[in-house]
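Trainee: One structure follows; several queries about it will come next.
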Amino acid sequence: MKNKAENLASLPSRENKKTETLEDRSYHDMVLALQTTLDIDQLLNLFSTHLKSVVPHAGSSFCNERLGIELSLGGHGRHVCAYNLELENEFLGEWRMSRNRRFTEPELAHVEALLCRLLYPLRNGLKYREALSYAHTDQLTQTGNRTALLDSLKREFDLAHRYQTPLSIILLDVDHFKSINDSFGHDIGDAVLRAVARAIKDSVRRSDILFRYGGEEFVIVLANTSRDGAANLAERVRVMVETSFRALRGSDLCVTLSLGVAMMLPGETHLDLLRRADHAMYQAKHGGRNRVVAAAAAAAAAESELP
């Protein structure tokens, strides 16, 4: 079963006063719990846990396409109910829940009453997520920025140490980017950076994370990836970018990349790893550009400093 999606901001009008009084008492703990966090994942997990104790179900999900949020909790069932969550004419997302037997009308009334109490905490959580995303996103290329890179790299580095899995990074630079700006203008330069970011995203796995390191430099963080695997991916990215721009007929615009690859070594820090990738990238530059250089597997941390 799938009931018609509704605007939950108007749902309390369907409840009588006696039901509201009973629910206000019964859901008091849930309301307090929802006010303890702005993290969307934690918020929806708290809500789902309480909802399950009131209306048993196999699983639930929440989706907000604008913010790229798609969260699934539990399994799936044959019968589905879905609601468009909206507050003060602001669309918050879609909530779905399912199980293998039909939902009764009293159960749906409970679900709707609970969802009404989720709306304000959910909107606050979404605004918080959006603010965090803005602070960690490069607005030109819609990739992670330098701050996000350092946070993510430290986290992945710690995870790789804990689980003894390989971690590699690719640091790449757009060749002769100043000449592109000088010859074609900064608008074309910005378009080149956006196109390079798109080409990289089309070349990497969903689990690989792309960041704009600064200027015309990008970093790809590759969890559970060896140096050889990272070097193969770097070559694929290099070819993808070169051939994409070569396909532009009637244009003198030529875009290539110099890429440095490094894999985490015992005893080094995440910043050491970044320095070695940076050093390898400069070797690619000095070796003629439009090429990939992998840091030696047994090399010590590069002597070059972070800019």
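Chain labels A, B, ... are given in the sequence in which chains occur in the structure tokens; within each chain residues are numbered consecutively from 1, and ligands are likewise numbered from 1 in the order shown.
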Got a sec to tell me which of region 45-126 of chain A DSSP assigns to strand (DSSP E), as a PyMOL selection string?
Mentor: chain A and resi 59-64+69-74+79-87+90-99
Trainee: I need the chosen residues saved as an mmCIF file, in the first residue's frame, with C-alpha atoms.
Mentor:
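And here is the file that came out, result.cif:
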```cif
data_model
loop_
_atom_site.group_PDB
_atom_site.id
_atom_site.type_symbol
_atom_site.label_atom_id
_atom_site.label_comp_id
_atom_site.auth_asym_id
_atom_site.auth_seq_id
_atom_site.Cartn_x
_atom_site.Cartn_y
_atom_site.Cartn_z
ATOM 1 C CA GLY A 59 12.436 -0.004 7.310
ATOM 2 C CA SER A 60 12.260 3.659 6.469
ATOM 3 C CA SER A 61 14.091 6.201 4.329
ATOM 4 C CA PHE A 62 14.532 9.940 3.927
ATOM 5 C CA CYS A 63 15.523 11.811 0.762
ATOM 6 C CA ASN A 64 16.400 15.447 0.101
ATOM 7 C CA ILE A 69 20.798 13.357 1.318
ATOM 8 C CA GLU A 70 19.553 9.798 0.877
ATOM 9 C CA LEU A 71 19.332 7.811 4.104
ATOM 10 C CA SER A 72 17.944 4.280 4.422
ATOM 11 C CA LEU A 73 17.195 2.658 7.768
ATOM 12 C CA GLY A 74 16.374 -1.048 7.975
ATOM 13 C CA HIS A 79 3.434 -2.000 1.653
ATOM 14 C CA VAL A 80 4.718 1.571 1.630
ATOM 15 C CA CYS A 81 3.520 4.874 2.994
ATOM 16 C CA ALA A 82 5.205 8.068 1.854
ATOM 17 C CA TYR A 83 4.976 11.703 2.933
ATOM 18 C CA ASN A 84 6.314 14.930 1.503
ATOM 19 C CA LEU A 85 7.546 16.880 4.500
ATOM 20 C CA GLU A 86 6.934 20.609 4.245
ATOM 21 C CA LEU A 87 7.058 23.428 6.774
ATOM 22 C CA GLU A 90 9.598 24.998 2.535
ATOM 23 C CA PHE A 91 10.050 21.469 1.194
ATOM 24 C CA LEU A 92 12.195 19.417 3.593
ATOM 25 C CA GLY A 93 12.251 16.038 1.865
ATOM 26 C CA GLU A 94 10.367 12.776 1.489
ATOM 27 C CA TRP A 95 9.892 10.252 4.302
ATOM 28 C CA ARG A 96 8.963 6.652 3.425
ATOM 29 C CA MET A 97 8.346 3.572 5.552
ATOM 30 C CA SER A 98 7.427 0.031 4.606
ATOM 31 C CA ARG A 99 6.547 -3.421 5.900
#
```
Trainee: Using only C-alpha atoms, which residues sit within 7 Å of region 26-36 of chain A once same-chain residues fewer than 5 positions away are excluded, as a list in words?
Mentor: Leu43, Leu46, His50, Arg117 and Pro121 of chain A
Trainee: Pull N, CA, C and O atoms from the residues just selected and write them as a JSON list (two decimals), in the first residue's frame.
Mentor:
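Saved file result10.json follows:
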```
[["chain", "number", "residue", "atom", "x", "y", "z"],
["A", 43, "LEU", "N", 19.56, 12.49, 14.01],
["A", 43, "LEU", "CA", 18.18, 12.92, 14.19],
["A", 43, "LEU", "C", 17.20, 11.90, 13.63],
["A", 43, "LEU", "O", 16.23, 11.50, 14.31],
["A", 46, "LEU", "N", 17.18, 8.65, 15.67],
["A", 46, "LEU", "CA", 16.39, 8.81, 16.89],
["A", 46, "LEU", "C", 14.90, 8.72, 16.57],
["A", 46, "LEU", "O", 14.13, 8.03, 17.26],
["A", 50, "HIS", "N", 12.14, 5.62, 17.74],
["A", 50, "HIS", "CA", 10.90, 5.85, 18.48],
["A", 50, "HIS", "C", 9.69, 5.44, 17.65],
["A", 50, "HIS", "O", 8.77, 4.81, 18.17],
["A", 117, "ARG", "N", 5.94, 16.35, 14.66],
["A", 117, "ARG", "CA", 6.89, 16.74, 15.70],
["A", 117, "ARG", "C", 8.33, 16.69, 15.23],
["A", 117, "ARG", "O", 9.23, 17.20, 15.88],
["A", 121, "PRO", "N", 12.72, 20.21, 14.18],
["A", 121, "PRO", "CA", 14.10, 19.72, 14.32],
["A", 121, "PRO", "C", 14.74, 19.34, 12.99],
["A", 121, "PRO", "O", 15.93, 19.58, 12.78]]
```
Trainee: For Leu38 (chain A), find every residue with an atom within 10 Å (counting only C-alpha atoms), except residues of its own chain fewer than 3 positions away, and show them as an mmCIF file with all heavy atoms, in the first residue's frame.
Mentor:
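Output contents, as saved in out_15.cif:
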```cif
data_model
loop_
_atom_site.group_PDB
_atom_site.id
_atom_site.type_symbol
_atom_site.label_atom_id
_atom_site.label_comp_id
_atom_site.auth_asym_id
_atom_site.auth_seq_id
_atom_site.Cartn_x
_atom_site.Cartn_y
_atom_site.Cartn_z
ATOM 1 N N LEU A 34 14.833 14.722 20.060
ATOM 2 C CA LEU A 34 15.058 15.347 18.759
ATOM 3 C C LEU A 34 15.704 16.721 18.877
ATOM 4 O O LEU A 34 16.262 17.231 17.909
ATOM 5 C CB LEU A 34 13.737 15.462 17.992
ATOM 6 C CG LEU A 34 13.073 14.152 17.568
ATOM 7 C CD1 LEU A 34 11.782 14.437 16.821
ATOM 8 C CD2 LEU A 34 13.999 13.290 16.723
ATOM 9 N N GLN A 35 15.629 17.309 20.053
ATOM 10 C CA GLN A 35 16.225 18.626 20.262
ATOM 11 C C GLN A 35 17.685 18.559 20.700
ATOM 12 O O GLN A 35 18.321 19.582 20.907
ATOM 13 C CB GLN A 35 15.411 19.405 21.312
ATOM 14 C CG GLN A 35 14.004 19.726 20.847
ATOM 15 C CD GLN A 35 13.149 20.321 21.948
ATOM 16 O OE1 GLN A 35 13.579 20.429 23.093
ATOM 17 N NE2 GLN A 35 11.926 20.708 21.606
ATOM 18 N N ASP A 41 21.725 12.475 10.325
ATOM 19 C CA ASP A 41 21.738 11.021 10.496
ATOM 20 C C ASP A 41 21.292 10.637 11.910
ATOM 21 O O ASP A 41 20.457 9.731 12.087
ATOM 22 C CB ASP A 41 23.137 10.459 10.224
ATOM 23 C CG ASP A 41 23.500 10.526 8.749
ATOM 24 O OD1 ASP A 41 22.695 11.067 7.977
ATOM 25 O OD2 ASP A 41 24.580 10.052 8.377
ATOM 26 N N GLN A 42 21.842 11.314 12.914
ATOM 27 C CA GLN A 42 21.459 11.023 14.297
ATOM 28 C C GLN A 42 19.985 11.356 14.534
ATOM 29 O O GLN A 42 19.256 10.600 15.186
ATOM 30 C CB GLN A 42 22.330 11.817 15.262
ATOM 31 C CG GLN A 42 23.778 11.363 15.319
ATOM 32 C CD GLN A 42 24.576 12.161 16.337
ATOM 33 O OE1 GLN A 42 24.016 12.814 17.212
ATOM 34 N NE2 GLN A 42 25.890 12.122 16.209
ATOM 35 N N LEU A 43 19.561 12.485 14.006
ATOM 36 C CA LEU A 43 18.178 12.922 14.188
ATOM 37 C C LEU A 43 17.198 11.896 13.633
ATOM 38 O O LEU A 43 16.235 11.495 14.312
ATOM 39 C CB LEU A 43 17.985 14.271 13.482
ATOM 40 C CG LEU A 43 16.624 14.946 13.637
ATOM 41 C CD1 LEU A 43 16.471 15.497 15.039
ATOM 42 C CD2 LEU A 43 16.478 16.072 12.624
ATOM 43 N N PRO A 121 12.722 20.210 14.175
ATOM 44 C CA PRO A 121 14.103 19.716 14.321
ATOM 45 C C PRO A 121 14.736 19.342 12.989
ATOM 46 O O PRO A 121 15.926 19.576 12.775
ATOM 47 C CB PRO A 121 13.948 18.477 15.222
ATOM 48 C CG PRO A 121 12.676 18.695 15.959
ATOM 49 C CD PRO A 121 11.777 19.436 15.007
ATOM 50 N N LEU A 122 13.929 18.786 12.080
ATOM 51 C CA LEU A 122 14.458 18.398 10.774
ATOM 52 C C LEU A 122 14.889 19.629 9.985
ATOM 53 O O LEU A 122 15.971 19.645 9.375
ATOM 54 C CB LEU A 122 13.407 17.614 9.994
ATOM 55 C CG LEU A 122 13.796 17.176 8.577
ATOM 56 C CD1 LEU A 122 15.005 16.259 8.608
ATOM 57 C CD2 LEU A 122 12.617 16.499 7.881
ATOM 58 N N ARG A 123 14.076 20.667 9.979
ATOM 59 C CA ARG A 123 14.456 21.881 9.249
ATOM 60 C C ARG A 123 15.739 22.480 9.828
ATOM 61 O O ARG A 123 16.623 22.907 9.079
ATOM 62 C CB ARG A 123 13.340 22.920 9.294
ATOM 63 C CG ARG A 123 13.687 24.168 8.470
ATOM 64 C CD ARG A 123 12.540 25.133 8.367
ATOM 65 N NE ARG A 123 12.217 25.753 9.644
ATOM 66 C CZ ARG A 123 11.319 26.726 9.794
ATOM 67 N NH1 ARG A 123 10.645 27.152 8.733
ATOM 68 N NH2 ARG A 123 11.072 27.238 10.977
ATOM 69 N N ASN A 124 15.863 22.498 11.160
ATOM 70 C CA ASN A 124 17.093 23.017 11.781
ATOM 71 C C ASN A 124 18.301 22.183 11.374
ATOM 72 O O ASN A 124 19.379 22.715 11.085
ATOM 73 C CB ASN A 124 16.947 23.022 13.302
ATOM 74 C CG ASN A 124 15.930 24.033 13.786
ATOM 75 O OD1 ASN A 124 15.599 24.976 13.073
ATOM 76 N ND2 ASN A 124 15.407 23.835 14.985
ATOM 77 N N GLY A 125 18.118 20.850 11.348
ATOM 78 C CA GLY A 125 19.211 19.974 10.955
ATOM 79 C C GLY A 125 19.618 20.163 9.516
ATOM 80 O O GLY A 125 20.807 20.138 9.173
ATOM 81 N N LEU A 126 18.644 20.379 8.627
ATOM 82 C CA LEU A 126 18.948 20.595 7.218
ATOM 83 C C LEU A 126 19.691 21.916 7.007
ATOM 84 O O LEU A 126 20.618 21.994 6.190
ATOM 85 C CB LEU A 126 17.657 20.584 6.395
ATOM 86 C CG LEU A 126 16.949 19.228 6.273
ATOM 87 C CD1 LEU A 126 15.601 19.397 5.597
ATOM 88 C CD2 LEU A 126 17.804 18.217 5.514
ATOM 89 N N LYS A 127 19.302 22.944 7.729
ATOM 90 C CA LYS A 127 20.000 24.234 7.618
ATOM 91 C C LYS A 127 21.435 24.109 8.125
ATOM 92 O O LYS A 127 22.367 24.692 7.567
ATOM 93 C CB LYS A 127 19.238 25.314 8.387
ATOM 94 C CG LYS A 127 17.933 25.721 7.732
ATOM 95 C CD LYS A 127 17.284 26.888 8.438
ATOM 96 C CE LYS A 127 15.969 27.276 7.760
ATOM 97 N NZ LYS A 127 16.152 27.666 6.349
ATOM 98 N N TYR A 128 21.608 23.317 9.193
ATOM 99 C CA TYR A 128 22.957 23.085 9.727
ATOM 100 C C TYR A 128 23.800 22.318 8.713
ATOM 101 O O TYR A 128 24.966 22.664 8.466
ATOM 102 C CB TYR A 128 22.855 22.315 11.038
ATOM 103 C CG TYR A 128 24.176 21.975 11.673
ATOM 104 C CD1 TYR A 128 24.995 22.971 12.193
ATOM 105 C CD2 TYR A 128 24.605 20.649 11.781
ATOM 106 C CE1 TYR A 128 26.205 22.670 12.792
ATOM 107 C CE2 TYR A 128 25.811 20.347 12.375
ATOM 108 C CZ TYR A 128 26.601 21.350 12.880
ATOM 109 O OH TYR A 128 27.804 21.043 13.472
ATOM 110 N N ARG A 129 23.214 21.273 8.107
ATOM 111 C CA ARG A 129 23.932 20.493 7.087
ATOM 112 C C ARG A 129 24.318 21.389 5.907
ATOM 113 O O ARG A 129 25.427 21.293 5.372
ATOM 114 C CB ARG A 129 23.040 19.334 6.615
ATOM 115 C CG ARG A 129 23.548 18.571 5.386
ATOM 116 C CD ARG A 129 24.752 17.717 5.686
ATOM 117 N NE ARG A 129 24.419 16.592 6.497
ATOM 118 C CZ ARG A 129 24.080 15.384 6.030
ATOM 119 N NH1 ARG A 129 24.039 15.178 4.727
ATOM 120 N NH2 ARG A 129 23.814 14.400 6.855
#
```
Trainee: Can you tell me which residues surround region 152-167 of chain A at a distance of at most 9 Å, considering only C-alpha atoms, apart from same-chain residues fewer than 3 positions away, and format the answer as a list in words?
Mentor: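 Counting only C-alpha atoms, the residues come to Thr147, Ala148, Leu149, Ile209, Val221, Leu222, Ala223, Asn224, Thr225, Ser226, Arg227, Ala262, Met263, Met264, Leu265, Pro266, Thr269, His270, Leu271 and Leu274 of chain A.
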Trainee: Mind dumping the selected residues with C-alpha atoms as a PDB file, in the first residue's frame?
Mentor:
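Dumped to result-v4.pdb:
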```
ATOM      1  CA  THR A 147      39.613  22.646   4.832  1.00  0.00           C
ATOM      2  CA  ALA A 148      37.474  19.656   3.873  1.00  0.00           C
ATOM      3  CA  LEU A 149      40.537  17.958   2.352  1.00  0.00           C
ATOM      4  CA  ILE A 209      36.796  11.976  -2.798  1.00  0.00           C
ATOM      5  CA  VAL A 221      41.786  10.757  -1.764  1.00  0.00           C
ATOM      6  CA  LEU A 222      41.673   7.023  -2.509  1.00  0.00           C
ATOM      7  CA  ALA A 223      40.758   4.769   0.406  1.00  0.00           C
ATOM      8  CA  ASN A 224      41.834   1.111   0.260  1.00  0.00           C
ATOM      9  CA  THR A 225      43.920   1.761  -2.855  1.00  0.00           C
ATOM     10  CA  SER A 226      47.529   0.785  -3.517  1.00  0.00           C
ATOM     11  CA  ARG A 227      50.115   3.001  -5.180  1.00  0.00           C
ATOM     12  CA  ALA A 262      51.744   8.741  -3.181  1.00  0.00           C
ATOM     13  CA  MET A 263      50.712   5.884  -0.883  1.00  0.00           C
ATOM     14  CA  MET A 264      50.733   6.044   2.917  1.00  0.00           C
ATOM     15  CA  LEU A 265      53.982   4.742   4.463  1.00  0.00           C
ATOM     16  CA  PRO A 266      54.568   3.461   8.008  1.00  0.00           C
ATOM     17  CA  THR A 269      51.562  11.604   9.040  1.00  0.00           C
ATOM     18  CA  HIS A 270      48.773  12.572   6.675  1.00  0.00           C
ATOM     19  CA  LEU A 271      50.657  15.810   5.965  1.00  0.00           C
ATOM     20  CA  LEU A 274      50.395  15.115   1.062  1.00  0.00           C
TER      21      LEU A 274
END
```
Trainee: As an exercise, work out the distance from CA of Ser168 (chain A) to CA of Asn145 (chain A) in Å and give it to one decimal place.
Mentor: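 CA of Asn145 (chain A) lies 18.4 Å from CA of Ser168 (chain A).
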Trainee: What is the CA of Arg146 (chain A) to CA of Val219 (chain A) distance in Å?
Mentor: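 These two atoms are separated by 9.2 Å.
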Trainee: Skipping near chain neighbours, those fewer than 2 positions away, what residues fall within 12 Å of Gly144 (chain A) using only C-alpha atoms, listed as a VMD selection string?
Mentor: chain A and resid 132 to 142 146 to 153 197 208 to 214 218 to 221
